[in-house]
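Shown below: structure09.pdb, with PDB, C-alpha atoms.
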MODEL        1
ATOM      1  CA  MET A   1     126.774 121.671 136.888
ATOM      2  CA  ASN A   2     124.304 122.085 139.731
ATOM      3  CA  ARG A   3     125.396 120.105 142.767
ATOM      4  CA  GLY A   4     122.020 118.459 143.223
ATOM      5  CA  LYS A   5     120.759 114.956 143.865
ATOM      6  CA  VAL A   6     118.030 113.231 141.867
ATOM      7  CA  VAL A   7     116.469 109.875 142.760
ATOM      8  CA  ILE A   8     114.790 107.899 139.973
ATOM      9  CA  VAL A   9     112.392 105.150 141.031
ATOM     10  CA  GLY A  10     112.174 102.645 138.203
ATOM     11  CA  ALA A  11     115.067 101.136 136.247
ATOM     12  CA  GLY A  12     113.042 100.349 133.157
ATOM     13  CA  SER A  13     113.533 101.854 129.724
ATOM     14  CA  VAL A  14     112.138 105.251 130.747
ATOM     15  CA  GLY A  15     113.909 105.595 134.087
ATOM     16  CA  THR A  16     117.294 104.622 132.700
ATOM     17  CA  ALA A  17     116.860 106.859 129.642
ATOM     18  CA  ILE A  18     116.118 109.787 131.980
ATOM     19  CA  ALA A  19     119.261 109.026 133.965
ATOM     20  CA  TYR A  20     121.429 108.805 130.856
ATOM     21  CA  SER A  21     119.946 111.988 129.405
ATOM     22  CA  MET A  22     120.829 113.772 132.654
ATOM     23  CA  VAL A  23     124.351 112.353 132.562
ATOM     24  CA  ASN A  24     124.848 113.589 129.001
ATOM     25  CA  GLN A  25     123.695 117.083 129.911
ATOM     26  CA  CYS A  26     125.617 117.255 133.215
ATOM     27  CA  ILE A  27     122.492 118.218 135.128
ATOM     28  CA  CYS A  28     123.478 117.278 138.666
ATOM     29  CA  GLU A  29     126.165 115.765 140.857
ATOM     30  CA  GLU A  30     124.407 112.545 141.864
ATOM     31  CA  ILE A  31     121.755 110.258 140.382
ATOM     32  CA  VAL A  32     120.382 107.354 142.419
ATOM     33  CA  ILE A  33     118.353 104.588 140.762
ATOM     34  CA  ILE A  34     115.928 102.524 142.844
ATOM     35  CA  ASP A  35     114.200  99.402 141.601
ATOM     36  CA  LEU A  36     112.782  96.185 143.040
ATOM     37  CA  ASN A  37     115.185  94.464 140.668
ATOM     38  CA  HIS A  38     118.358  95.479 142.502
ATOM     39  CA  ALA A  39     120.619  93.742 139.995
ATOM     40  CA  LYS A  40     119.088  95.713 137.127
ATOM     41  CA  ALA A  41     119.451  99.041 138.973
ATOM     42  CA  TYR A  42     123.064  98.175 139.842
ATOM     43  CA  ALA A  43     123.931  97.123 136.280
ATOM     44  CA  GLU A  44     122.338 100.187 134.668
ATOM     45  CA  SER A  45     124.163 102.474 137.093
ATOM     46  CA  LEU A  46     127.521 100.782 136.525
ATOM     47  CA  ASP A  47     127.035 100.852 132.758
ATOM     48  CA  MET A  48     126.565 104.638 132.938
ATOM     49  CA  MET A  49     129.584 105.081 135.185
ATOM     50  CA  HIS A  50     131.682 103.316 132.542
ATOM     51  CA  SER A  51     130.711 106.092 130.116
ATOM     52  CA  MET A  52     132.038 108.957 132.262
ATOM     53  CA  GLU A  53     135.436 109.054 130.561
ATOM     54  CA  PHE A  54     133.691 110.396 127.476
ATOM     55  CA  MET A  55     131.474 112.977 129.216
ATOM     56  CA  ASN A  56     132.156 116.659 129.801
ATOM     57  CA  THR A  57     132.037 116.187 133.544
ATOM     58  CA  LYS A  58     131.511 113.393 136.018
ATOM     59  CA  THR A  59     128.168 112.507 137.551
ATOM     60  CA  LEU A  60     127.899 109.842 140.220
ATOM     61  CA  VAL A  61     125.280 107.271 139.167
ATOM     62  CA  ARG A  62     124.568 104.456 141.590
ATOM     63  CA  GLU A  63     121.958 102.027 142.788
ATOM     64  CA  GLY A  64     120.361 103.091 146.036
ATOM     65  CA  ASP A  65     117.387 102.663 148.314
ATOM     66  CA  TYR A  66     114.678 104.853 149.780
ATOM     67  CA  ASN A  67     117.038 106.185 152.457
ATOM     68  CA  ASP A  68     118.567 108.234 149.651
ATOM     69  CA  CYS A  69     115.372 110.276 149.392
ATOM     70  CA  SER A  70     116.046 112.056 152.684
ATOM     71  CA  ASP A  71     118.403 114.593 151.082
ATOM     72  CA  ALA A  72     117.251 114.384 147.455
ATOM     73  CA  ASP A  73     116.211 117.518 145.603
ATOM     74  CA  ILE A  74     113.938 115.602 143.234
ATOM     75  CA  VAL A  75     112.341 112.157 143.152
ATOM     76  CA  VAL A  76     111.243 110.970 139.714
ATOM     77  CA  ILE A  77     108.557 108.266 139.653
ATOM     78  CA  SER A  78     108.832 106.342 136.390
ATOM     79  CA  ALA A  79     107.949 102.808 137.536
ATOM     80  CA  SER A  80     104.806 101.365 135.975
ATOM     81  CA  MET A  81     102.983  98.210 135.002
ATOM     82  CA  PRO A  82     103.469  96.908 131.456
ATOM     83  CA  VAL A  83     100.629  97.601 129.045
ATOM     84  CA  PRO A  84      99.600  95.055 126.399
ATOM     85  CA  LYS A  85     101.177  95.620 122.994
ATOM     86  CA  GLU A  86      98.919  97.319 120.464
ATOM     87  CA  SER A  87      97.211  99.201 123.303
ATOM     88  CA  ASN A  88      96.259 102.853 122.819
ATOM     89  CA  ASP A  89      94.709 103.740 126.159
ATOM     90  CA  ARG A  90      96.859 105.114 128.985
ATOM     91  CA  MET A  91      94.014 104.538 131.450
ATOM     92  CA  LYS A  92      94.780 100.828 131.190
ATOM     93  CA  PHE A  93      97.775 101.624 133.384
ATOM     94  CA  LEU A  94      95.536 102.923 136.186
ATOM     95  CA  ASP A  95      94.950  99.926 138.471
ATOM     96  CA  GLY A  96      98.517  98.654 138.319
ATOM     97  CA  SER A  97     100.060 102.118 138.547
ATOM     98  CA  LYS A  98      97.931 102.992 141.565
ATOM     99  CA  LYS A  99      99.405 100.131 143.598
ATOM    100  CA  ILE A 100     102.970 100.894 142.505
ATOM    101  CA  VAL A 101     102.738 104.632 143.152
ATOM    102  CA  LYS A 102     101.143 104.142 146.569
ATOM    103  CA  SER A 103     104.042 101.937 147.653
ATOM    104  CA  ILE A 104     106.676 104.294 146.240
ATOM    105  CA  VAL A 105     105.272 107.438 147.850
ATOM    106  CA  ALA A 106     104.914 105.713 151.225
ATOM    107  CA  ASN A 107     108.562 104.631 151.149
ATOM    108  CA  VAL A 108     109.793 108.025 149.969
ATOM    109  CA  MET A 109     107.889 109.995 152.609
ATOM    110  CA  GLU A 110     108.928 107.621 155.395
ATOM    111  CA  ASN A 111     112.436 108.892 154.758
ATOM    112  CA  ASN A 112     111.523 112.544 155.322
ATOM    113  CA  PHE A 113     111.648 113.604 151.688
ATOM    114  CA  ASN A 114     111.255 117.364 151.388
ATOM    115  CA  GLY A 115     111.895 117.991 147.716
ATOM    116  CA  ILE A 116     109.900 117.908 144.487
ATOM    117  CA  PHE A 117     108.183 114.912 142.903
ATOM    118  CA  ILE A 118     108.217 114.549 139.133
ATOM    119  CA  VAL A 119     105.622 111.998 138.058
ATOM    120  CA  VAL A 120     106.064 110.167 134.758
ATOM    121  CA  THR A 121     103.993 107.050 135.477
ATOM    122  CA  ASN A 122     100.812 106.877 133.385
ATOM    123  CA  PRO A 123      98.053 107.925 133.493
ATOM    124  CA  VAL A 124     100.262 110.822 134.535
ATOM    125  CA  ASP A 125      97.594 113.407 135.432
ATOM    126  CA  VAL A 126      95.702 111.012 137.687
ATOM    127  CA  MET A 127      98.925 109.681 139.225
ATOM    128  CA  SER A 128     100.145 113.238 139.904
ATOM    129  CA  TYR A 129      96.925 113.920 141.806
ATOM    130  CA  TYR A 130      97.389 110.644 143.677
ATOM    131  CA  VAL A 131     101.001 111.491 144.618
ATOM    132  CA  TRP A 132      99.833 114.864 145.941
ATOM    133  CA  LYS A 133      97.157 113.253 148.106
ATOM    134  CA  LEU A 134      99.470 110.513 149.398
ATOM    135  CA  SER A 135     102.513 112.677 150.075
ATOM    136  CA  GLY A 136     100.917 115.558 151.949
ATOM    137  CA  LEU A 137     103.313 117.954 150.196
ATOM    138  CA  SER A 138     102.134 121.293 148.841
ATOM    139  CA  ALA A 139     100.708 121.015 145.341
ATOM    140  CA  ASN A 140     103.441 123.139 143.742
ATOM    141  CA  ARG A 141     105.963 120.411 144.641
ATOM    142  CA  ILE A 142     104.179 117.782 142.538
ATOM    143  CA  ILE A 143     104.780 118.058 138.782
ATOM    144  CA  GLY A 144     103.604 115.584 136.189
ATOM    145  CA  SER A 145     105.462 115.333 132.891
ATOM    146  CA  GLY A 146     102.074 115.963 131.323
ATOM    147  CA  THR A 147     101.975 117.187 127.721
ATOM    148  CA  THR A 148     105.574 118.402 127.598
ATOM    149  CA  LEU A 149     106.514 115.640 125.175
ATOM    150  CA  ASP A 150     103.205 115.911 123.296
ATOM    151  CA  THR A 151     103.972 119.591 122.712
ATOM    152  CA  ALA A 152     107.466 118.757 121.439
ATOM    153  CA  ARG A 153     105.937 116.213 119.057
ATOM    154  CA  LEU A 154     103.499 118.833 117.781
ATOM    155  CA  HIS A 155     106.387 121.218 117.146
ATOM    156  CA  TYR A 156     108.259 118.473 115.294
ATOM    157  CA  TYR A 157     105.416 117.712 112.881
ATOM    158  CA  ILE A 158     104.672 121.370 112.145
ATOM    159  CA  ALA A 159     108.368 122.193 111.732
ATOM    160  CA  LYS A 160     108.927 119.241 109.403
ATOM    161  CA  THR A 161     106.018 120.353 107.216
ATOM    162  CA  ILE A 162     106.954 124.025 106.810
ATOM    163  CA  ASP A 163     110.738 123.555 107.148
ATOM    164  CA  VAL A 164     111.573 125.604 110.237
ATOM    165  CA  ASP A 165     113.364 124.792 113.473
ATOM    166  CA  PRO A 166     110.833 123.381 115.991
ATOM    167  CA  ARG A 167     112.196 125.772 118.610
ATOM    168  CA  SER A 168     110.775 128.638 116.558
ATOM    169  CA  ILE A 169     107.251 127.332 117.186
ATOM    170  CA  ASN A 170     105.319 128.529 120.216
ATOM    171  CA  ALA A 171     102.265 126.298 120.626
ATOM    172  CA  PHE A 172     101.003 124.286 123.577
ATOM    173  CA  ILE A 173      99.050 121.083 123.980
ATOM    174  CA  ILE A 174      96.986 121.383 127.143
ATOM    175  CA  GLY A 175      94.638 119.213 129.174
ATOM    176  CA  GLU A 176      94.918 115.472 129.675
ATOM    177  CA  HIS A 177      98.001 113.605 128.496
ATOM    178  CA  GLY A 178      95.698 111.369 126.524
ATOM    179  CA  ASP A 179      92.606 111.225 124.341
ATOM    180  CA  THR A 180      91.048 114.550 125.398
ATOM    181  CA  GLU A 181      94.150 116.725 124.993
ATOM    182  CA  LEU A 182      93.885 119.774 122.731
ATOM    183  CA  VAL A 183      96.041 122.429 121.097
ATOM    184  CA  SER A 184      95.543 126.050 122.092
ATOM    185  CA  TRP A 185      95.729 127.139 118.455
ATOM    186  CA  SER A 186      94.427 130.633 119.179
ATOM    187  CA  THR A 187      97.597 131.470 121.146
ATOM    188  CA  ALA A 188     100.068 129.685 118.838
ATOM    189  CA  THR A 189     102.731 131.538 116.862
ATOM    190  CA  ILE A 190     105.687 130.729 114.625
ATOM    191  CA  GLY A 191     108.469 133.278 114.731
ATOM    192  CA  GLY A 192     106.044 135.712 116.303
ATOM    193  CA  LYS A 193     103.524 135.302 113.461
ATOM    194  CA  ASP A 194     100.023 134.064 114.227
ATOM    195  CA  ILE A 195      99.891 130.380 113.296
ATOM    196  CA  LYS A 196      96.656 130.793 111.327
ATOM    197  CA  ASN A 197      98.404 133.256 109.048
ATOM    198  CA  VAL A 198     101.347 130.885 108.659
ATOM    199  CA  PHE A 199      99.021 128.032 107.724
ATOM    200  CA  ASP A 200      97.084 130.248 105.290
ATOM    201  CA  ASP A 201     100.325 131.318 103.614
ATOM    202  CA  ASN A 202     101.524 127.710 103.228
ATOM    203  CA  LYS A 203      98.404 125.883 102.071
ATOM    204  CA  ASN A 204     100.283 124.140  99.278
ATOM    205  CA  ARG A 205     102.541 122.448 101.854
ATOM    206  CA  ILE A 206     100.139 122.041 104.743
ATOM    207  CA  GLY A 207      96.987 120.894 102.963
ATOM    208  CA  GLU A 208      93.409 120.900 104.166
ATOM    209  CA  ASP A 209      92.444 120.940 107.846
ATOM    210  CA  PRO A 210      95.982 121.222 109.263
ATOM    211  CA  TYR A 211      94.683 121.740 112.799
ATOM    212  CA  ASN A 212      93.105 118.304 113.121
ATOM    213  CA  ASN A 213      95.821 116.648 111.065
ATOM    214  CA  PHE A 214      98.635 117.915 113.278
ATOM    215  CA  LEU A 215      96.751 116.962 116.448
ATOM    216  CA  LYS A 216      96.169 113.446 115.079
ATOM    217  CA  LEU A 217      99.833 113.068 114.133
ATOM    218  CA  THR A 218     100.828 114.176 117.619
ATOM    219  CA  ALA A 219      98.336 111.961 119.439
ATOM    220  CA  HIS A 220      99.218 108.880 117.368
ATOM    221  CA  GLY A 221     102.973 109.508 117.249
ATOM    222  CA  GLY A 222     103.676 108.145 120.705
ATOM    223  CA  TRP A 223     101.530 105.058 120.207
ATOM    224  CA  ASP A 224     103.148 104.428 116.837
ATOM    225  CA  ILE A 225     106.534 104.303 118.550
ATOM    226  CA  PHE A 226     105.188 102.229 121.440
ATOM    227  CA  ASN A 227     103.557  99.632 119.213
ATOM    228  CA  LYS A 228     106.642  99.252 117.037
ATOM    229  CA  LYS A 229     109.423  99.144 119.651
ATOM    230  CA  GLY A 230     107.538  98.300 122.845
ATOM    231  CA  ASN A 231     108.153 101.596 124.645
ATOM    232  CA  THR A 232     108.867 105.264 124.222
ATOM    233  CA  SER A 233     111.989 106.391 126.042
ATOM    234  CA  PHE A 234     114.217 109.008 124.405
ATOM    235  CA  GLY A 235     111.560 111.695 123.959
ATOM    236  CA  ILE A 236     110.143 111.411 127.469
ATOM    237  CA  ALA A 237     113.659 111.245 128.913
ATOM    238  CA  ALA A 238     114.670 114.488 127.197
ATOM    239  CA  SER A 239     111.486 116.288 128.252
ATOM    240  CA  VAL A 240     111.807 115.185 131.900
ATOM    241  CA  THR A 241     115.469 116.227 131.869
ATOM    242  CA  GLY A 242     114.349 119.665 130.711
ATOM    243  CA  ILE A 243     111.936 119.927 133.646
ATOM    244  CA  ILE A 244     114.617 118.754 136.093
ATOM    245  CA  LYS A 245     117.095 121.283 134.704
ATOM    246  CA  SER A 246     114.604 124.115 135.097
ATOM    247  CA  ILE A 247     114.173 123.126 138.757
ATOM    248  CA  LEU A 248     117.814 122.621 139.699
ATOM    249  CA  PHE A 249     119.065 125.637 137.755
ATOM    250  CA  ASP A 250     116.132 127.851 138.822
ATOM    251  CA  GLU A 251     115.471 128.700 135.161
ATOM    252  CA  ASN A 252     111.851 129.894 135.384
ATOM    253  CA  ARG A 253     111.228 128.144 132.066
ATOM    254  CA  ILE A 254     107.652 127.594 130.918
ATOM    255  CA  TYR A 255     106.611 123.992 130.243
ATOM    256  CA  PRO A 256     103.137 122.462 129.699
ATOM    257  CA  VAL A 257     103.334 120.229 132.757
ATOM    258  CA  SER A 258     100.609 118.579 134.782
ATOM    259  CA  VAL A 259      99.950 120.766 137.817
ATOM    260  CA  TYR A 260      97.178 121.377 140.324
ATOM    261  CA  LEU A 261      94.468 123.825 139.317
ATOM    262  CA  ASP A 262      92.856 125.669 142.200
ATOM    263  CA  GLY A 263      90.748 128.275 140.444
ATOM    264  CA  GLU A 264      93.016 128.938 137.488
ATOM    265  CA  TYR A 265      90.921 128.790 134.298
ATOM    266  CA  ASP A 266      87.982 128.690 136.765
ATOM    267  CA  ILE A 267      88.725 124.990 137.337
ATOM    268  CA  TYR A 268      89.371 123.347 140.701
ATOM    269  CA  ASP A 269      90.850 120.210 142.207
ATOM    270  CA  VAL A 270      92.508 118.504 139.262
ATOM    271  CA  PHE A 271      96.004 117.947 137.895
ATOM    272  CA  THR A 272      96.208 118.729 134.185
ATOM    273  CA  SER A 273      98.692 120.223 131.742
ATOM    274  CA  VAL A 274      98.882 123.975 131.311
ATOM    275  CA  PRO A 275     101.868 126.246 130.615
ATOM    276  CA  THR A 276     103.632 126.658 133.952
ATOM    277  CA  ILE A 277     106.707 128.529 135.157
ATOM    278  CA  VAL A 278     109.035 125.898 136.641
ATOM    279  CA  ASN A 279     111.882 126.812 138.995
ATOM    280  CA  ARG A 280     113.569 125.824 142.266
ATOM    281  CA  THR A 281     110.239 125.932 144.113
ATOM    282  CA  GLY A 282     108.591 123.546 141.652
ATOM    283  CA  ALA A 283     105.499 124.813 139.850
ATOM    284  CA  LYS A 284     106.019 128.497 140.542
ATOM    285  CA  GLU A 285     103.137 130.000 138.585
ATOM    286  CA  ILE A 286     100.474 128.852 136.141
ATOM    287  CA  VAL A 287     100.179 130.797 132.897
ATOM    288  CA  GLU A 288      96.517 131.338 132.019
ATOM    289  CA  LEU A 289      96.092 131.397 128.251
ATOM    290  CA  ASN A 290      93.304 133.422 126.661
ATOM    291  CA  LEU A 291      91.425 130.497 125.143
ATOM    292  CA  THR A 292      88.571 130.829 122.703
ATOM    293  CA  GLU A 293      85.121 129.734 123.806
ATOM    294  CA  GLU A 294      85.450 126.456 121.901
ATOM    295  CA  GLU A 295      88.943 125.777 123.260
ATOM    296  CA  TYR A 296      87.808 126.441 126.810
ATOM    297  CA  LYS A 297      84.828 124.116 126.351
ATOM    298  CA  ASN A 298      87.139 121.318 125.206
ATOM    299  CA  PHE A 299      89.670 122.059 127.947
ATOM    300  CA  LYS A 300      86.975 121.924 130.630
ATOM    301  CA  TYR A 301      85.724 118.620 129.217
ATOM    302  CA  SER A 302      89.277 117.253 129.429
ATOM    303  CA  CYS A 303      89.556 118.382 133.045
ATOM    304  CA  ASP A 304      86.151 116.936 133.952
ATOM    305  CA  THR A 305      87.209 113.595 132.453
ATOM    306  CA  LEU A 306      90.307 113.579 134.653
ATOM    307  CA  LYS A 307      88.373 114.622 137.763
ATOM    308  CA  GLU A 308      86.075 111.652 137.326
ATOM    309  CA  LYS A 309      89.096 109.337 137.252
ATOM    310  CA  CYS A 310      90.601 111.035 140.317
ATOM    311  CA  ASN A 311      87.366 110.752 142.258
ATOM    312  CA  ASN A 312      87.430 106.991 141.668
ATOM    313  CA  LEU A 313      90.850 106.682 143.312
TER     314      LEU A 313
ENDMDL
END

Do you think you could lay out the structure here as structure tokens?
Amino acid sequence: MNRGKVVIVGAGSVGTAIAYSMVNQCICEEIVIIDLNHAKAYAESLDMMHSMEFMNTKTLVREGDYNDCSDADIVVISASMPVPKESNDRMKFLDGSKKIVKSIVANVMENNFNGIFIVVTNPVDVMSYYVWKLSGLSANRIIGSGTTLDTARLHYYIAKTIDVDPRSINAFIIGEHGDTELVSWSTATIGGKDIKNVFDDNKNRIGEDPYNNFLKLTAHGGWDIFNKKGNTSFGIAASVTGIIKSILFDENRIYPVSVYLDGEYDIYDVFTSVPTIVNRTGAKEIVELNLTEEEYKNFKYSCDTLKEKCNNL
């Protein structure tokens, strides 16, 4: 276990699921939960502490305040405004999230935070850009959860269809965590085999137009969960825990997270999801995929859509 400290701002379904996922995987020594509802943060923390007898090792989980950010390695921002049920547009979070994130970042930075922000609050790409501007930290220390979960969902649907382990699939969803996201199919492989060849060899199982079908399944999967249970929590919690682990354990693992582009892919001044090496420094290095002309056109459109939203902040 890495003897690190992680602060989670937001004791809702996502924030508490992240904390519990970290506890189960023994990621760090201390987890602090901050929420305007102090009783909720206290109760969630105590509930997790009651589970420690059955864990492999003990993690301190407690309610805290923004003073705890002064020596934190990571601050996770998961607090957000509720979105109407049956919604399918993350941009509806924007106005409410903007106010919440502005308040959180101000309080965190007032306590001399010098670690890494992980932004989960939607719309995550725009909020990651906003956290960067508000915090004054270097861009590599702001990481949005981005399309990490979207990519895992894509792997799940492909793996289920052709009956392989999803961890054998190497394919990324890039761009906006939202309507304009895309799959970099030209770089995708399964077990080292070009994904086009895999699809061609399995037409009887995959059917017609698997590329659009898998992207639709992925894009609608999260909203299907949200509209049926009111939130998505376990998937995002596991993906954020993976990012946190790569930071605290200096793993240099590649995740499709939302990071700042400053000339990579010939695109500037936007946070969007691309494969990125994540380690103790945060976003260590962006991996530039060799996209086809059509993929690059769609990726640039996705980035331009996000830039327009960021400019309106």

Exercise for review: Please write as a PyMOL selection string the full residue list that the PyMOL selection byres ((chain A and resi 258-270) around 8) yields on this file.
Suggested key: chain A and resi 124-125+128-129+139-140+142-147+256-257+271-274+276+283+286+288+300+303+306-307+310

Atoms kept (C-alpha atoms) for selection, written as a PDB file, in the frame of the given file:
ATOM      1  CA  VAL A 124     100.262 110.822 134.535  1.00  0.00           C
ATOM      2  CA  ASP A 125      97.594 113.407 135.432  1.00  0.00           C
ATOM      3  CA  SER A 128     100.145 113.238 139.904  1.00  0.00           C
ATOM      4  CA  TYR A 129      96.925 113.920 141.806  1.00  0.00           C
ATOM      5  CA  ALA A 139     100.708 121.015 145.341  1.00  0.00           C
ATOM      6  CA  ASN A 140     103.441 123.139 143.742  1.00  0.00           C
ATOM      7  CA  ILE A 142     104.179 117.782 142.538  1.00  0.00           C
ATOM      8  CA  ILE A 143     104.780 118.058 138.782  1.00  0.00           C
ATOM      9  CA  GLY A 144     103.604 115.584 136.189  1.00  0.00           C
ATOM     10  CA  SER A 145     105.462 115.333 132.891  1.00  0.00           C
ATOM     11  CA  GLY A 146     102.074 115.963 131.323  1.00  0.00           C
ATOM     12  CA  THR A 147     101.975 117.187 127.721  1.00  0.00           C
ATOM     13  CA  PRO A 256     103.137 122.462 129.699  1.00  0.00           C
ATOM     14  CA  VAL A 257     103.334 120.229 132.757  1.00  0.00           C
ATOM     15  CA  PHE A 271      96.004 117.947 137.895  1.00  0.00           C
ATOM     16  CA  THR A 272      96.208 118.729 134.185  1.00  0.00           C
ATOM     17  CA  SER A 273      98.692 120.223 131.742  1.00  0.00           C
ATOM     18  CA  VAL A 274      98.882 123.975 131.311  1.00  0.00           C
ATOM     19  CA  THR A 276     103.632 126.658 133.952  1.00  0.00           C
ATOM     20  CA  ALA A 283     105.499 124.813 139.850  1.00  0.00           C
ATOM     21  CA  ILE A 286     100.474 128.852 136.141  1.00  0.00           C
ATOM     22  CA  GLU A 288      96.517 131.338 132.019  1.00  0.00           C
ATOM     23  CA  LYS A 300      86.975 121.924 130.630  1.00  0.00           C
ATOM     24  CA  CYS A 303      89.556 118.382 133.045  1.00  0.00           C
ATOM     25  CA  LEU A 306      90.307 113.579 134.653  1.00  0.00           C
ATOM     26  CA  LYS A 307      88.373 114.622 137.763  1.00  0.00           C
ATOM     27  CA  CYS A 310      90.601 111.035 140.317  1.00  0.00           C
TER      28      CYS A 310
END

Exercise for review: Compare A:Leu134, A:Leu149, A:Met52, A:Ile31 by their minimum atom-to-atom distance to Ser233 in chain A, counting only C-alpha atoms, and give me the closest one.
Suggested key: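 With only C-alpha atoms as the atom set, the closest residue is A:Leu149.
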
Practice item. Name the residues that the PyMOL selection byres ((chain A and resi 162) around 9) pulls out of this structure, and write them as a ChimeraX atom specification. Key: /A:157-161,163-164,199,202,205-206

Point to revise | Separation of CA of Val120 in chain A from CA of Ile77 in chain A, in Å and rounded to one decimal | key: 5.8 Å

Check your understanding: How many Å separate CA of Phe54 in chain A from CA of Gly242 in chain A?
Key ->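 Here the two named atoms are 21.7 Å from each other.
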
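Residues matched by the PyMOL selection byres ((chain A and resi 38) around 12) in this file are A:Val9, A:Gly10, A:Ala11, A:Gly12, A:Ile33, A:Ile34, A:Asp35, A:Leu36, A:Asn37, A:Ala39, A:Lys40, A:Ala41, A:Tyr42, A:Ala43, A:Glu44, A:Ser45, A:Arg62, A:Glu63, A:Gly64, A:Asp65.
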
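Proximity to His177 in chain A was assessed for A:Phe234, A:Asn107, A:Ile18, A:Phe299 counting all atoms listed in the file; the smallest distance is recorded for A:Phe299.
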
**Study point:** Surrounding residues of Ile173 in chain A excluding itself and chain neighbours under 4 positions, 12 Å, all atoms listed in the file, as a PyMOL selection string
**Key:** chain A and resi 146-155+177-188+214-215+218-219+255-258+272-275+289+295+298-299+302

Generate a file of the selected residues that holds C-alpha atoms, formatted as a PDB file, in the coordinates of the input.
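Output file again.pdb follows:
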ATOM      1  CA  GLY A 146     102.074 115.963 131.323  1.00  0.00           C
ATOM      2  CA  THR A 147     101.975 117.187 127.721  1.00  0.00           C
ATOM      3  CA  THR A 148     105.574 118.402 127.598  1.00  0.00           C
ATOM      4  CA  LEU A 149     106.514 115.640 125.175  1.00  0.00           C
ATOM      5  CA  ASP A 150     103.205 115.911 123.296  1.00  0.00           C
ATOM      6  CA  THR A 151     103.972 119.591 122.712  1.00  0.00           C
ATOM      7  CA  ALA A 152     107.466 118.757 121.439  1.00  0.00           C
ATOM      8  CA  ARG A 153     105.937 116.213 119.057  1.00  0.00           C
ATOM      9  CA  LEU A 154     103.499 118.833 117.781  1.00  0.00           C
ATOM     10  CA  HIS A 155     106.387 121.218 117.146  1.00  0.00           C
ATOM     11  CA  HIS A 177      98.001 113.605 128.496  1.00  0.00           C
ATOM     12  CA  GLY A 178      95.698 111.369 126.524  1.00  0.00           C
ATOM     13  CA  ASP A 179      92.606 111.225 124.341  1.00  0.00           C
ATOM     14  CA  THR A 180      91.048 114.550 125.398  1.00  0.00           C
ATOM     15  CA  GLU A 181      94.150 116.725 124.993  1.00  0.00           C
ATOM     16  CA  LEU A 182      93.885 119.774 122.731  1.00  0.00           C
ATOM     17  CA  VAL A 183      96.041 122.429 121.097  1.00  0.00           C
ATOM     18  CA  SER A 184      95.543 126.050 122.092  1.00  0.00           C
ATOM     19  CA  TRP A 185      95.729 127.139 118.455  1.00  0.00           C
ATOM     20  CA  SER A 186      94.427 130.633 119.179  1.00  0.00           C
ATOM     21  CA  THR A 187      97.597 131.470 121.146  1.00  0.00           C
ATOM     22  CA  ALA A 188     100.068 129.685 118.838  1.00  0.00           C
ATOM     23  CA  PHE A 214      98.635 117.915 113.278  1.00  0.00           C
ATOM     24  CA  LEU A 215      96.751 116.962 116.448  1.00  0.00           C
ATOM     25  CA  THR A 218     100.828 114.176 117.619  1.00  0.00           C
ATOM     26  CA  ALA A 219      98.336 111.961 119.439  1.00  0.00           C
ATOM     27  CA  TYR A 255     106.611 123.992 130.243  1.00  0.00           C
ATOM     28  CA  PRO A 256     103.137 122.462 129.699  1.00  0.00           C
ATOM     29  CA  VAL A 257     103.334 120.229 132.757  1.00  0.00           C
ATOM     30  CA  SER A 258     100.609 118.579 134.782  1.00  0.00           C
ATOM     31  CA  THR A 272      96.208 118.729 134.185  1.00  0.00           C
ATOM     32  CA  SER A 273      98.692 120.223 131.742  1.00  0.00           C
ATOM     33  CA  VAL A 274      98.882 123.975 131.311  1.00  0.00           C
ATOM     34  CA  PRO A 275     101.868 126.246 130.615  1.00  0.00           C
ATOM     35  CA  LEU A 289      96.092 131.397 128.251  1.00  0.00           C
ATOM     36  CA  GLU A 295      88.943 125.777 123.260  1.00  0.00           C
ATOM     37  CA  ASN A 298      87.139 121.318 125.206  1.00  0.00           C
ATOM     38  CA  PHE A 299      89.670 122.059 127.947  1.00  0.00           C
ATOM     39  CA  SER A 302      89.277 117.253 129.429  1.00  0.00           C
TER      40      SER A 302
END

Exercise for review: Find the residues around Leu313 in chain A up to 9 Å (only C-alpha atoms counted), leave out those fewer than 6 positions away in its own chain, and share them as a list in words.
Suggested key: Lys98, Val126 and Tyr130 of chain A

Practice item. Using only C-alpha atoms, determine which residues lie at most 6 Å from Phe117 in chain A, disregarding the query and same-chain residues fewer than 5 positions distant; provide the list as a ChimeraX atom specification. Key: /A:74-76,142

Check your understanding: So how far away is CA of Ile244 in chain A from CA of Ile169 in chain A, in Å?
Key -> 22.0 Å

Exercise for review: Find the residues near Val23 in chain A: any atom within 10 Å, counting all atoms listed in the file, skip ones fewer than 6 places away on the same chain, and give them as JSON, numbers by chain.
Suggested key: {"A": [17, 29, 30, 31, 48, 49, 51, 52, 55, 56, 57, 58, 59, 60, 61, 241]}

Check your understanding: For Asn279 in chain A, which of A:Ile116, A:Thr292, A:Val105, A:Lys297 is the closest residue, counting all atoms listed in the file?
Key ->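 Smallest distance to Asn279 in chain A is found for A:Ile116.
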
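Distance check against Asp304 in chain A using only C-alpha atoms: of A:Leu94, A:Leu46, A:Val14, A:Gly175, the minimum falls on A:Gly175.
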
Check your understanding: Which one of A:Asn227, A:Asn67, A:Ser138, A:Ser78 sits closest to Glu110 in chain A if you count only C-alpha atoms?
Key ->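 The shortest atom-to-atom distance to Glu110 in chain A comes from A:Asn67.
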
List the neighbours of Asn111 in chain A out to 10 Å using only C-alpha atoms; skip same-chain residues closer than 5 positions along the sequence, and give me the result as a JSON list (two decimals) with C-alpha atoms, in the frame of the given file.
[["chain", "number", "residue", "atom", "x", "y", "z"],
["A", 66, "TYR", "CA", 114.68, 104.85, 149.78],
["A", 67, "ASN", "CA", 117.04, 106.18, 152.46],
["A", 68, "ASP", "CA", 118.57, 108.23, 149.65],
["A", 69, "CYS", "CA", 115.37, 110.28, 149.39],
["A", 70, "SER", "CA", 116.05, 112.06, 152.68],
["A", 71, "ASP", "CA", 118.40, 114.59, 151.08],
["A", 106, "ALA", "CA", 104.91, 105.71, 151.22]]
